Structures are given as structure tokens and as C-alpha cells.
>>> print(open('protein-v2.cif').read())   # mmCIF, C-alpha atoms and all ligand atoms
data_run
#
loop_
_atom_site.group_PDB
_atom_site.id
_atom_site.type_symbol
_atom_site.label_atom_id
_atom_site.label_comp_id
_atom_site.auth_asym_id
_atom_site.auth_seq_id
_atom_site.Cartn_x
_atom_site.Cartn_y
_atom_site.Cartn_z
ATOM 1 C CA MET G 1 112.334 81.573 102.206
ATOM 2 C CA LYS G 2 111.361 84.722 104.049
ATOM 3 C CA ASN G 3 109.237 85.717 101.129
ATOM 4 C CA ILE G 4 107.504 82.374 100.760
ATOM 5 C CA SER G 5 106.544 82.113 104.423
ATOM 6 C CA GLY G 6 105.596 85.798 104.400
ATOM 7 C CA ARG G 7 103.309 85.277 101.462
ATOM 8 C CA ILE G 8 101.682 82.234 103.039
ATOM 9 C CA VAL G 9 101.064 84.033 106.338
ATOM 10 C CA ASN G 10 99.725 87.180 104.670
ATOM 11 C CA ARG G 11 97.513 85.232 102.302
ATOM 12 C CA PHE G 12 96.089 83.210 105.172
ATOM 13 C CA PHE G 13 95.203 86.248 107.261
ATOM 14 C CA GLY G 14 94.071 88.214 104.208
ATOM 15 C CA ARG G 15 91.601 85.458 103.457
ATOM 16 C CA PHE G 16 90.493 84.383 106.894
ATOM 17 C CA GLN G 17 90.774 87.601 108.869
ATOM 18 C CA HIS G 18 87.024 88.014 109.084
ATOM 19 C CA ARG G 19 86.685 84.525 110.478
ATOM 20 C CA VAL G 20 89.531 84.839 112.955
ATOM 21 C CA GLY G 21 88.324 88.357 113.795
ATOM 22 C CA ILE G 22 90.294 91.481 112.871
ATOM 23 C CA ALA G 23 90.958 92.307 116.542
ATOM 24 C CA ASN G 24 92.379 88.823 117.230
ATOM 25 C CA THR G 25 94.567 88.886 114.133
ATOM 26 C CA ARG G 26 95.984 92.268 115.095
ATOM 27 C CA ARG G 27 96.799 91.182 118.631
ATOM 28 C CA LEU G 28 98.534 88.074 117.330
ATOM 29 C CA ALA G 29 100.610 90.066 114.825
ATOM 30 C CA LYS G 30 101.554 92.645 117.441
ATOM 31 C CA ALA G 31 102.739 89.960 119.849
ATOM 32 C CA TRP G 32 104.798 88.291 117.135
ATOM 33 C CA ASN G 33 106.351 91.581 115.965
ATOM 34 C CA ARG G 34 107.201 92.613 119.531
ATOM 35 C CA VAL G 35 109.433 89.569 119.749
ATOM 36 C CA ARG G 36 110.721 89.687 116.185
ATOM 37 C CA TYR G 37 111.676 93.394 116.286
ATOM 38 C CA ARG G 38 112.567 93.719 119.964
ATOM 39 C CA ALA G 39 115.978 95.290 119.327
ATOM 40 C CA GLU G 40 114.511 98.016 117.102
ATOM 41 C CA ILE G 41 111.707 98.675 119.557
ATOM 42 C CA ARG G 42 114.216 99.071 122.357
ATOM 43 C CA GLU G 43 116.038 101.722 120.332
ATOM 44 C CA VAL G 44 112.967 103.881 119.618
ATOM 45 C CA VAL G 45 111.518 103.554 123.126
ATOM 46 C CA ASP G 46 114.876 104.229 124.711
ATOM 47 C CA GLY G 47 115.308 107.180 122.334
ATOM 48 C CA TYR G 48 112.088 108.678 123.651
ATOM 49 C CA GLU G 49 112.690 107.894 127.305
ATOM 50 C CA HIS G 50 116.379 108.716 127.616
ATOM 51 C CA ARG G 51 117.668 110.630 124.589
ATOM 52 C CA TYR G 52 114.664 112.739 123.629
ATOM 53 C CA GLU G 53 116.112 116.271 123.981
ATOM 54 C CA GLU G 54 119.390 115.260 122.443
ATOM 55 C CA LEU G 55 117.684 113.625 119.446
ATOM 56 C CA LEU G 56 115.322 116.534 118.783
ATOM 57 C CA LYS G 57 118.076 119.148 119.066
ATOM 58 C CA GLY G 58 120.503 117.013 117.078
ATOM 59 C CA ASN G 59 117.934 117.066 114.291
ATOM 60 C CA ASP G 60 117.209 120.802 114.635
ATOM 61 C CA PRO G 61 119.371 122.919 116.954
ATOM 62 C CA ASP G 62 116.717 125.672 116.973
ATOM 63 C CA TYR G 63 113.965 123.394 118.192
ATOM 64 C CA SER G 64 112.267 124.545 121.412
ATOM 65 C CA GLY G 65 111.951 121.015 122.755
ATOM 66 C CA THR G 66 108.188 121.010 123.288
ATOM 67 C CA PRO G 67 105.663 120.276 120.552
ATOM 68 C CA ARG G 68 102.967 122.864 119.987
ATOM 69 C CA ASN G 69 100.239 120.260 119.469
ATOM 70 C CA ARG G 70 98.937 117.387 121.572
ATOM 71 C CA LEU G 71 96.529 114.820 120.205
ATOM 72 C CA LYS G 72 93.386 115.009 122.318
ATOM 73 C CA ASP G 73 90.683 112.419 121.798
ATOM 74 C CA GLY G 74 92.857 110.967 119.040
ATOM 75 C CA TRP G 75 93.401 114.120 116.972
ATOM 76 C CA ALA G 76 94.732 117.693 116.681
ATOM 77 C CA ILE G 77 94.498 120.327 113.948
ATOM 78 C CA ASP G 78 97.146 123.031 113.511
ATOM 79 C CA ARG G 79 96.273 125.951 111.250
ATOM 80 C CA SER G 80 99.330 128.094 112.017
ATOM 81 C CA GLY G 81 101.302 127.208 108.878
ATOM 82 C CA ALA G 82 104.364 127.575 111.115
ATOM 83 C CA PHE G 83 106.157 124.260 110.668
ATOM 84 C CA PRO G 84 109.812 124.052 109.710
ATOM 85 C CA GLY G 85 109.946 122.095 106.475
ATOM 86 C CA LEU G 86 106.311 122.786 105.566
ATOM 87 C CA GLU G 87 107.024 125.204 102.733
ATOM 88 C CA SER G 88 109.617 123.018 101.024
ATOM 89 C CA SER G 89 107.391 119.935 101.294
ATOM 90 C CA LEU G 90 104.452 121.882 99.852
ATOM 91 C CA ALA G 91 106.685 123.057 97.002
ATOM 92 C CA GLU G 92 107.528 119.434 96.123
ATOM 93 C CA ALA G 93 103.813 118.579 96.164
ATOM 94 C CA ASP G 94 103.122 121.582 93.904
ATOM 95 C CA ARG G 95 105.650 120.238 91.446
ATOM 96 C CA LEU G 96 103.938 116.843 91.431
ATOM 97 C CA ILE G 97 100.514 118.409 90.937
ATOM 98 C CA GLU G 98 101.804 120.492 88.067
ATOM 99 C CA GLU G 99 103.468 117.525 86.373
ATOM 100 C CA ARG G 100 100.909 114.850 87.108
ATOM 101 C CA GLY G 101 97.666 116.324 88.424
ATOM 102 C CA GLY G 102 94.364 116.409 86.562
ATOM 103 C CA GLN G 103 95.090 113.320 84.485
ATOM 104 C CA ASP G 104 93.048 110.182 84.079
ATOM 105 C CA ARG G 105 95.028 107.591 86.028
ATOM 106 C CA ARG G 106 92.431 104.843 86.139
ATOM 107 C CA GLY G 107 93.962 101.425 85.657
ATOM 108 C CA THR G 108 97.511 102.576 86.489
ATOM 109 C CA PRO G 109 99.497 101.569 89.580
ATOM 110 C CA LEU G 110 99.014 105.092 90.955
ATOM 111 C CA ALA G 111 95.220 104.769 91.022
ATOM 112 C CA GLN G 112 94.136 103.625 94.480
ATOM 113 C CA GLN G 113 90.542 103.943 93.315
ATOM 114 C CA ASP G 114 88.948 105.463 90.224
ATOM 115 C CA TYR G 115 88.414 108.639 92.258
ATOM 116 C CA LEU G 116 91.676 108.631 94.239
ATOM 117 C CA TYR G 117 95.146 108.880 92.698
ATOM 118 C CA HIS G 118 98.648 108.923 94.141
ATOM 119 C CA LEU G 119 100.756 111.506 92.354
ATOM 120 C CA SER G 120 104.012 110.018 93.587
ATOM 121 C CA HIS G 121 105.373 106.545 94.066
ATOM 122 C CA ILE G 122 107.148 105.882 97.350
ATOM 123 C CA ASP G 123 110.257 104.691 95.491
ATOM 124 C CA GLU G 124 110.567 108.068 93.742
ATOM 125 C CA LEU G 125 111.481 109.984 96.887
ATOM 126 C CA ASP G 126 114.961 110.536 95.468
ATOM 127 C CA GLU G 127 113.306 112.847 92.936
ATOM 128 C CA PHE G 128 111.096 114.553 95.504
ATOM 129 C CA PRO G 129 113.308 114.407 98.602
ATOM 130 C CA ARG G 130 111.949 117.536 100.236
ATOM 131 C CA LEU G 131 108.654 115.791 100.868
ATOM 132 C CA LEU G 132 110.600 114.382 103.810
ATOM 133 C CA ASP G 133 111.387 117.810 105.293
ATOM 134 C CA PHE G 134 108.062 118.234 107.058
ATOM 135 C CA ALA G 135 107.812 114.574 108.074
ATOM 136 C CA THR G 136 111.240 114.421 109.711
ATOM 137 C CA SER G 137 111.150 117.861 111.376
ATOM 138 C CA SER G 138 111.558 117.870 115.150
ATOM 139 C CA GLU G 139 108.212 119.638 115.673
ATOM 140 C CA VAL G 140 106.250 116.968 113.806
ATOM 141 C CA VAL G 141 108.216 114.005 115.129
ATOM 142 C CA ALA G 142 107.864 115.282 118.706
ATOM 143 C CA THR G 143 104.086 115.646 118.308
ATOM 144 C CA VAL G 144 103.789 112.024 117.216
ATOM 145 C CA ALA G 145 106.413 110.760 119.684
ATOM 146 C CA ASP G 146 104.625 112.335 122.669
ATOM 147 C CA TYR G 147 101.459 110.573 121.643
ATOM 148 C CA MET G 148 103.086 107.186 120.992
ATOM 149 C CA GLY G 149 105.616 107.198 123.814
ATOM 150 C CA MET G 150 108.424 106.301 121.397
ATOM 151 C CA ILE G 151 110.200 107.738 118.377
ATOM 152 C CA PRO G 152 107.770 106.980 115.533
ATOM 153 C CA THR G 153 108.679 105.413 112.196
ATOM 154 C CA ILE G 154 107.346 106.484 108.828
ATOM 155 C CA ALA G 155 105.459 103.377 107.743
ATOM 156 C CA LEU G 156 107.884 100.818 106.328
ATOM 157 C CA ASN G 157 105.030 98.995 104.671
ATOM 158 C CA LEU G 158 101.289 99.697 104.401
ATOM 159 C CA PRO G 159 99.897 102.268 104.474
ATOM 160 C CA THR G 160 102.454 103.770 102.109
ATOM 161 C CA GLY G 161 104.403 106.166 104.333
ATOM 162 C CA ILE G 162 104.362 109.262 102.139
ATOM 163 C CA ARG G 163 101.787 109.998 99.491
ATOM 164 C CA VAL G 164 100.623 113.051 97.593
ATOM 165 C CA PHE G 165 96.957 112.422 96.881
ATOM 166 C CA GLU G 166 94.505 113.732 94.377
ATOM 167 C CA SER G 167 90.806 113.108 95.015
ATOM 168 C CA THR G 168 88.695 113.760 91.955
ATOM 169 C CA GLU G 169 85.382 112.718 90.528
ATOM 170 C CA ARG G 170 86.318 113.885 87.091
ATOM 171 C CA PHE G 171 87.099 110.481 85.589
ATOM 172 C CA SER G 172 84.663 108.232 87.415
ATOM 173 C CA GLU G 173 80.953 107.648 87.468
ATOM 174 C CA ARG G 174 79.409 108.557 90.769
ATOM 175 C CA THR G 175 78.151 105.318 92.297
ATOM 176 C CA THR G 176 77.400 104.297 95.853
ATOM 177 C CA TYR G 177 80.324 104.962 98.177
ATOM 178 C CA ASN G 178 82.868 102.180 98.317
ATOM 179 C CA ALA G 179 86.286 101.257 99.779
ATOM 180 C CA SER G 180 87.974 104.220 101.480
ATOM 181 C CA GLN G 181 84.796 106.306 101.064
ATOM 182 C CA LEU G 182 83.216 104.128 103.768
ATOM 183 C CA TRP G 183 83.857 104.327 107.509
ATOM 184 C CA HIS G 184 86.702 102.176 108.800
ATOM 185 C CA ARG G 185 89.563 102.141 111.276
ATOM 186 C CA ASP G 186 93.031 101.344 109.938
ATOM 187 C CA ILE G 187 94.381 97.968 110.957
ATOM 188 C CA HIS G 188 98.102 98.037 110.162
ATOM 189 C CA ASP G 189 99.163 99.184 113.606
ATOM 190 C CA PHE G 190 98.062 100.710 116.893
ATOM 191 C CA PRO G 191 98.882 103.369 117.761
ATOM 192 C CA MET G 192 99.393 104.842 114.328
ATOM 193 C CA VAL G 193 99.285 108.490 113.382
ATOM 194 C CA TYR G 194 98.622 110.302 110.134
ATOM 195 C CA ALA G 195 99.894 113.814 109.599
ATOM 196 C CA ILE G 196 97.739 115.133 106.765
ATOM 197 C CA VAL G 197 98.802 118.364 105.086
ATOM 198 C CA LEU G 198 96.455 120.320 102.847
ATOM 199 C CA VAL G 199 98.296 121.267 99.665
ATOM 200 C CA ARG G 200 95.314 123.197 98.308
ATOM 201 C CA ASP G 201 92.427 124.733 100.207
ATOM 202 C CA ALA G 202 89.948 121.990 101.086
ATOM 203 C CA THR G 203 86.174 122.393 101.140
ATOM 204 C CA GLU G 204 83.192 120.051 101.265
ATOM 205 C CA ARG G 205 83.500 119.970 97.465
ATOM 206 C CA THR G 206 87.035 118.496 97.447
ATOM 207 C CA GLY G 207 86.227 115.185 99.158
ATOM 208 C CA PRO G 208 87.726 116.118 102.542
ATOM 209 C CA TRP G 209 89.082 113.601 105.005
ATOM 210 C CA THR G 210 86.333 113.065 107.580
ATOM 211 C CA PHE G 211 86.599 111.383 110.962
ATOM 212 C CA LEU G 212 85.032 110.673 114.342
ATOM 213 C CA PRO G 213 86.987 111.508 117.510
ATOM 214 C CA ALA G 214 88.426 108.508 119.388
ATOM 215 C CA SER G 215 85.780 108.553 122.156
ATOM 216 C CA VAL G 216 82.931 108.564 119.620
ATOM 217 C CA SER G 217 84.713 105.858 117.612
ATOM 218 C CA GLU G 218 85.078 103.696 120.709
ATOM 219 C CA ARG G 219 81.380 103.936 121.390
ATOM 220 C CA ALA G 220 80.566 103.056 117.767
ATOM 221 C CA THR G 221 83.077 100.188 117.820
ATOM 222 C CA ARG G 222 81.393 98.692 120.873
ATOM 223 C CA GLU G 223 77.895 99.059 119.542
ATOM 224 C CA LEU G 224 78.788 97.801 116.057
ATOM 225 C CA ASN G 225 80.844 94.881 117.415
ATOM 226 C CA TYR G 226 83.438 96.268 115.015
ATOM 227 C CA GLN G 227 86.563 94.164 114.304
ATOM 228 C CA LYS G 228 84.954 91.212 116.026
ATOM 229 C CA TRP G 229 84.359 87.781 114.564
ATOM 230 C CA ARG G 230 82.694 87.936 111.117
ATOM 231 C CA GLN G 231 82.108 91.692 111.219
ATOM 232 C CA PRO G 232 82.822 93.641 108.011
ATOM 233 C CA TYR G 233 85.764 96.032 107.837
ATOM 234 C CA ARG G 234 83.828 98.847 106.130
ATOM 235 C CA VAL G 235 80.798 100.475 107.713
ATOM 236 C CA THR G 236 78.084 102.291 105.750
ATOM 237 C CA ASP G 237 76.575 105.606 106.884
ATOM 238 C CA GLU G 238 73.319 103.811 107.406
ATOM 239 C CA ARG G 239 74.851 101.525 110.026
ATOM 240 C CA MET G 240 77.123 104.167 111.557
ATOM 241 C CA TYR G 241 74.366 106.713 112.088
ATOM 242 C CA GLN G 242 72.318 104.230 114.064
ATOM 243 C CA HIS G 243 74.901 104.739 116.796
ATOM 244 C CA VAL G 244 76.482 108.126 116.129
ATOM 245 C CA ASP G 245 74.949 111.498 115.379
ATOM 246 C CA PRO G 246 76.154 112.839 111.992
ATOM 247 C CA SER G 247 77.011 116.121 113.746
ATOM 248 C CA GLU G 248 79.773 114.292 115.661
ATOM 249 C CA ARG G 249 81.904 113.830 112.539
ATOM 250 C CA ILE G 250 84.636 116.315 111.691
ATOM 251 C CA ALA G 251 85.543 117.144 108.077
ATOM 252 C CA PHE G 252 89.111 118.324 107.635
ATOM 253 C CA THR G 253 88.513 121.389 105.493
ATOM 254 C CA GLY G 254 90.725 124.450 105.581
ATOM 255 C CA LYS G 255 93.486 126.247 103.819
ATOM 256 C CA ARG G 256 96.772 125.238 102.257
ATOM 257 C CA GLY G 257 99.292 124.346 104.960
ATOM 258 C CA ASP G 258 96.736 123.271 107.578
ATOM 259 C CA VAL G 259 97.719 120.017 109.281
ATOM 260 C CA LEU G 260 95.642 117.267 110.872
ATOM 261 C CA PHE G 261 97.297 114.780 113.227
ATOM 262 C CA LEU G 262 95.090 111.779 113.801
ATOM 263 C CA ASP G 263 95.294 108.232 115.119
ATOM 264 C CA SER G 264 93.578 106.437 112.243
ATOM 265 C CA SER G 265 93.606 103.135 114.130
ATOM 266 C CA ARG G 266 91.379 104.646 116.852
ATOM 267 C CA CYS G 267 89.306 107.126 114.859
ATOM 268 C CA PHE G 268 86.789 105.970 112.266
ATOM 269 C CA HIS G 269 87.321 107.874 109.023
ATOM 270 C CA TYR G 270 86.606 108.113 105.328
ATOM 271 C CA GLY G 271 87.613 110.418 102.495
ATOM 272 C CA SER G 272 87.304 111.357 98.820
ATOM 273 C CA ARG G 273 83.521 111.495 98.728
ATOM 274 C CA ASP G 274 81.985 113.704 96.047
ATOM 275 C CA ALA G 275 85.222 115.457 95.061
ATOM 276 C CA VAL G 276 83.536 117.743 92.535
ATOM 277 C CA ASP G 277 86.644 119.948 92.712
ATOM 278 C CA PRO G 278 89.957 118.093 92.926
ATOM 279 C CA GLY G 279 91.400 117.863 96.454
ATOM 280 C CA TYR G 280 95.151 117.672 97.104
ATOM 281 C CA ARG G 281 96.870 116.600 100.298
ATOM 282 C CA ILE G 282 100.063 114.956 101.514
ATOM 283 C CA MET G 283 99.600 112.052 103.871
ATOM 284 C CA TYR G 284 102.402 110.938 106.168
ATOM 285 C CA ALA G 285 101.823 107.683 108.051
ATOM 286 C CA TYR G 286 103.689 106.904 111.277
ATOM 287 C CA THR G 287 103.707 103.506 112.939
ATOM 288 C CA THR G 288 105.571 101.715 115.711
ATOM 289 C CA ARG G 289 108.198 99.042 115.003
ATOM 290 C CA ALA G 290 105.831 96.310 116.167
ATOM 291 C CA ARG G 291 103.009 96.572 113.687
ATOM 292 C CA SER G 292 99.681 94.803 114.022
ATOM 293 C CA ASP G 293 99.951 93.051 110.674
ATOM 294 C CA PHE G 294 102.405 90.652 109.050
ATOM 295 C CA GLN G 295 103.350 92.896 106.132
ATOM 296 C CA MET G 296 106.966 93.309 107.242
ATOM 297 C CA MET G 297 107.498 89.672 106.320
ATOM 298 C CA LEU G 298 107.039 90.777 102.712
ATOM 299 C CA ARG G 299 108.686 94.135 102.321
ATOM 300 C CA ARG G 300 110.551 96.871 104.167
ATOM 301 C CA GLN G 301 110.629 100.334 102.616
ATOM 302 C CA ALA G 302 114.108 101.785 102.046
ATOM 303 C CA PHE G 303 114.096 105.579 102.349
ATOM 304 C CA PRO G 304 116.821 107.735 100.792
ATOM 305 C CA LYS G 305 119.868 108.336 102.987
ATOM 306 C CA GLN G 306 122.012 111.456 102.998
ATOM 307 C CA ALA G 307 125.403 112.095 104.509
ATOM 308 C CA GLY G 308 124.979 113.839 107.849
ATOM 309 C CA ASP G 309 121.473 112.547 108.571
ATOM 310 C CA SER G 310 120.700 113.018 112.267
ATOM 311 C CA ASP G 311 120.059 110.053 114.572
ATOM 312 C CA LEU G 312 116.440 111.143 114.873
ATOM 313 C CA ARG G 313 115.947 111.225 111.109
ATOM 314 C CA ARG G 314 117.582 107.823 110.764
ATOM 315 C CA MET G 315 115.230 106.338 113.357
ATOM 316 C CA VAL G 316 112.139 107.940 111.829
ATOM 317 C CA LEU G 317 113.117 106.480 108.451
ATOM 318 C CA GLY G 318 113.619 103.012 109.914
ATOM 319 C CA GLN G 319 117.362 102.914 109.240
HETATM 320 FE FE FE Y 1 92.055 104.436 106.335
#
>>> encode(input="protein-v2.cif", output="C-alpha cells", more="lines below")
Ligand SMILES: [Fe+2]
Amino acid sequence: MKNISGRIVNRFFGRFQHRVGIANTRRLAKAWNRVRYRAEIREVVDGYEHRYEELLKGNDPDYSGTPRNRLKDGWAIDRSGAFPGLESSLAEADRLIEERGGQDRRGTPLAQQDYLYHLSHIDELDEFPRLLDFATSSEVVATVADYMGMIPTIALNLPTGIRVFESTERFSERTTYNASQLWHRDIHDFPMVYAIVLVRDATERTGPWTFLPASVSERATRELNYQKWRQPYRVTDERMYQHVDPSERIAFTGKRGDVLFLDSSRCFHYGSRDAVDPGYRIMYAYTTRARSDFQMMLRRQAFPKQAGDSDLRRMVLGQ
């Protein structure tokens, strides 16, 4: 029953979202989910407001208690390489690249686009469990929690919460930019934060993730009437640069281990353009428990559990 009504609701909004208006649909979903998931929301908000220190230290007794990074204007970049759990998560990604990188994945479930492949499936985390080390570390969780005002959750539905990505032009014809190569703001939740980790050095030749700060995005949103009635979800450069100077965009290039934190619901972004050299990154998506879509009616991701998991880790994994 849950699945049938879920499918009907999601199909309706999938089909008519442009007519209802993306902004209206999101507000409606958020209101519904706030009621539906009120007990869970209470736990993660209360965790942030009343049990914060205890949760962070319970997860990592050595944690200082204060995150090094704060998202300003919707983003922060950390190039220190000094994250607990970073090395072991990178090592898991290396293993995936070695086993699965550089292959033609077009037409398989792991191909998001012809130029953009997932190297791991979310249900395989049992085989690559240390990908979770970085994502559930106190430093990273605290950075996202301070921004959201609650303990965040690794996305339990779209966007897939943990992905190792390969961007490559090698197997596709270069055509006009499409899909995720075009400007957009993510719609699944607000706030929502990506922590993007470079697994290999990223240059302009590896199809870097590129974004506009939140203040610039707000201006563009207003001027484009973005997410309003009948407005398209994707925005071409031609339209965007009528309102924004190209010099205002930021390309996330850098070295292995660099991390970008970014609210992808506030900041316009695109990626995987012209990846002449393959680009590799891990993307961790954090949402609230009251998402701005109806996807939870269809599916809730189950993350691997281990004996002795801390309360913080359990909350972050939606358990
Ligand atoms: Fe996106």
C-alpha cells in the first residue's frame, strides 16, 4: 500500500512539477515530511541542541569539539588533508578505481550519464565499509551539523548518499552539455550539504565540480525566476551569464584529499564537463529528516550496522 501510494504521488509530482512549480512542490513535501517524520526530527534537533558535545565525543573521544570549517555563503573548502577517516576512505576509493575505473559503463546501472559513472553501488557498502569513516567522523558531522542546526543524515534516498564518481569523456561523443553538466540547484532537500572529496588531483581537464556561491545563486534565482511556475530545472550558460559574470563561478580543482562542503540546494552547480582526463571524487550527501521531496514514500536506504556504533553514527546513518 505504502509503495502504491508512494508511486502515485511521486509520478504525479515527477510529471507535473513544472506546472505546480518546483518551489511549491518542495514546500508542500517539506510540510508533509515535517509531520510524518516529527519523532525523528525531534531526535536530531534535540541531539544538536542538547547532546552535541556528548554525541561528538562519544563518536570520537579525541575530538576537539569545534569544527575547523564553517560554510560561508553556502560553501567551504578545506585543503589540509587533516581529517580523521580521510585516508581510509580514500584507500577504499582507490580500490574501487583500480577494480572498476577506466571501463566503458554506458548502458549499465552504474552509468549516471555516458560521461559520468558510479564506481560503487550504495548497497555494496558492506564490501567498502571504510567509505563511511570520513562521512561519520565527528569533524565532518560537526561541520554539517553547525550549518544545518541539527545532526545531519546521510541521504536515505536521492541523491544517493555515498558515491565514488568517475567523470570521463573517453567513451562518449562530445555533444552540447546536458543533464548534470548544466546549471541547477538540487531539489531533494533544503538545507542539504555535499562533502566532496577529491580522490585524484582535479584540474580543469578532469571535469571539476563548479558552483556559484549562495549569494550569487540567489541573485540568479530571482532574475531567472528559477523554480517558479513553468521554469525549466536546468539552466544553460547562455541564460546564466545574462545575470552572472562567468568570473563569479568557482571550479573545485585541487589535490587528492581536498574537501568541498557545499549546500547544493542553495548554490547553482554543474560538473563533468570536458573531462579529457578522468576525474575521481567521493560525494557524500547529507539531508535533514524532513526532505523536500516525496522519495521516502518509496525507499529508505539501510546502511550497514556494526556492534558498538556510537549514537552519533547511528543518527547520521538514519538508524
Ligand atoms: Fe546537482
>>> residues_around(input="protein-v2.cif", residues="stretch 151-165 of chain G", least_positions_apart="2", cutoff="9 Å", atoms="only C-alpha atoms", output="ChimeraX atom specification")
/G:43-48,52,93,96-97,116-122,125,131-132,135-136,141-142,144-146,148-149,167,186,188,192-193,199,279-289,295-296,298-303,312,315-318
>>> resolve_selection(input="protein-v2.cif", expression="the PyMOL selection byres (((not hetatm)) within 8 of (chain Y and resi 1))", output="ChimeraX atom specification")
/G:180,184-186,264,269-270
>>> resolve_selection(input="protein-v2.cif", expression="the PyMOL selection byres (((chain G and resi 196) around 6) and not hetatm)", output="mmCIF file with C-alpha atoms, in the frame of the given file")
data_model
loop_
_atom_site.group_PDB
_atom_site.id
_atom_site.type_symbol
_atom_site.label_atom_id
_atom_site.label_comp_id
_atom_site.auth_asym_id
_atom_site.auth_seq_id
_atom_site.Cartn_x
_atom_site.Cartn_y
_atom_site.Cartn_z
ATOM 1 C CA TYR G 194 98.622 110.302 110.134
ATOM 2 C CA ALA G 195 99.894 113.814 109.599
ATOM 3 C CA VAL G 197 98.802 118.364 105.086
ATOM 4 C CA VAL G 259 97.719 120.017 109.281
ATOM 5 C CA LEU G 260 95.642 117.267 110.872
ATOM 6 C CA ILE G 282 100.063 114.956 101.514
ATOM 7 C CA MET G 283 99.600 112.052 103.871
#
>>> residues_near_point(input="protein-v2.cif", point="(88.7, 92.6, 116.1)", cutoff="8 Å", atoms="only C-alpha atoms", output="list in words")
Gly21, Ile22, Ala23, Asn24, Thr25, Arg26, Tyr226, Gln227, Lys228 and Trp229 of chain G
>>> closest_residue(input="protein-v2.cif", among="G:Gly254, G:Arg27, G:Ser310, G:Asn178", to="G:Tyr233", atoms="all atoms listed in the file")
G:Asn178
>>> atom_distance(input="protein-v2.cif", atom1="atom CA of G:Phe190", atom2="atom CA of G:Asn3")
24.5 Å
>>> closest_residue(input="protein-v2.cif", among="G:Asp189, G:Arg200, G:Asn69, G:Ser247", to="G:Arg34", atoms="all atoms listed in the file")
G:Asp189
>>> resolve_selection(input="protein-v2.cif", expression="the PyMOL selection byres (((chain G and resi 290) around 9) and not hetatm)", output="PyMOL selection string")
chain G and resi 29-38+40-41+189-190+287-289+291-293
>>> closest_residue(input="protein-v2.cif", among="G:Asp60, G:Glu218, G:Asp277, G:Asp94", to="G:Tyr115", atoms="only C-alpha atoms")
G:Asp277
>>> closest_residue(input="protein-v2.cif", among="G:Arg266, G:Arg70, G:Arg256, G:Arg313", to="G:Leu198", atoms="all atoms listed in the file")
G:Arg256
>>> atom_distance(input="protein-v2.cif", atom1="atom CA of G:Pro208", atom2="atom CA of G:Arg273")
7.3 Å
>>> closest_residue(input="protein-v2.cif", among="G:Glu204, G:Glu53, G:Glu99, G:Glu139", to="G:Pro84", atoms="only C-alpha atoms")
G:Glu139
>>> closest_residue(input="protein-v2.cif", among="G:Glu54, G:Gln17, G:Val140, G:Ser265", to="G:Pro67", atoms="all atoms listed in the file")
G:Val140
>>> atom_distance(input="protein-v2.cif", atom1="atom CA of G:His50", atom2="atom CA of G:Thr66")
15.4 Å
>>> residues_around(input="protein-v2.cif", residues="G:Arg79", least_positions_apart="5", cutoff="8 Å", atoms="only C-alpha atoms", output="list in words")
Lys255, Gly257, Asp258 and Val259 of chain G
>>> residues_around(input="protein-v2.cif", residues="G:Gly74", least_positions_apart="5", cutoff="7 Å", atoms="all atoms listed in the file", output="list of chain:residue names")
G:Pro213, G:Ala214, G:Leu262, G:Asp263, G:Arg266, G:Cys267
>>> write_last_selection(input="protein-v2.cif", atoms="C-alpha atoms", output="PDB file, in the frame of the given file")
ATOM      1  CA  PRO G 213      86.987 111.508 117.510  1.00  0.00           C
ATOM      2  CA  ALA G 214      88.426 108.508 119.388  1.00  0.00           C
ATOM      3  CA  LEU G 262      95.090 111.779 113.801  1.00  0.00           C
ATOM      4  CA  ASP G 263      95.294 108.232 115.119  1.00  0.00           C
ATOM      5  CA  ARG G 266      91.379 104.646 116.852  1.00  0.00           C
ATOM      6  CA  CYS G 267      89.306 107.126 114.859  1.00  0.00           C
TER       7      CYS G 267
END
>>> residues_around(input="protein-v2.cif", residues="G:Val216", least_positions_apart="5", cutoff="9 Å", atoms="all atoms listed in the file", output="PDB file with C-alpha atoms, in the frame of the given file")
ATOM      1  CA  ASP G  73      90.683 112.419 121.798  1.00  0.00           C
ATOM      2  CA  THR G 221      83.077 100.188 117.820  1.00  0.00           C
ATOM      3  CA  VAL G 244      76.482 108.126 116.129  1.00  0.00           C
ATOM      4  CA  GLU G 248      79.773 114.292 115.661  1.00  0.00           C
ATOM      5  CA  ARG G 249      81.904 113.830 112.539  1.00  0.00           C
ATOM      6  CA  CYS G 267      89.306 107.126 114.859  1.00  0.00           C
ATOM      7  CA  PHE G 268      86.789 105.970 112.266  1.00  0.00           C
TER       8      PHE G 268
END
>>> decode(input="protein-v2.cif", residues="stretch 87-108 of chain G", atoms="C-alpha atoms", output="tab-separated table (two decimals), in the first residue's frame")
chain	number	residue	atom	x	y	z
G	87	GLU	CA	42.95	8.21	4.48
G	88	SER	CA	40.95	5.02	4.97
G	89	SER	CA	38.06	6.35	2.87
G	90	LEU	CA	40.48	7.36	0.11
G	91	ALA	CA	42.01	3.87	0.25
G	92	GLU	CA	38.58	2.30	-0.34
G	93	ALA	CA	38.03	4.65	-3.30
G	94	ASP	CA	41.46	3.69	-4.67
G	95	ARG	CA	40.43	0.06	-4.53
G	96	LEU	CA	37.26	0.81	-6.48
G	97	ILE	CA	39.15	2.81	-9.09
G	98	GLU	CA	41.65	0.01	-9.51
G	99	GLU	CA	38.96	-2.64	-9.86
G	100	ARG	CA	36.40	-0.70	-11.84
G	101	GLY	CA	37.84	2.54	-13.21
G	102	GLY	CA	38.55	3.27	-16.86
G	103	GLN	CA	35.89	0.92	-18.18
G	104	ASP	CA	33.06	1.62	-20.57
G	105	ARG	CA	29.99	1.55	-18.34
G	106	ARG	CA	27.49	3.04	-20.76
G	107	GLY	CA	24.12	1.34	-20.54
G	108	THR	CA	24.80	-0.21	-17.11
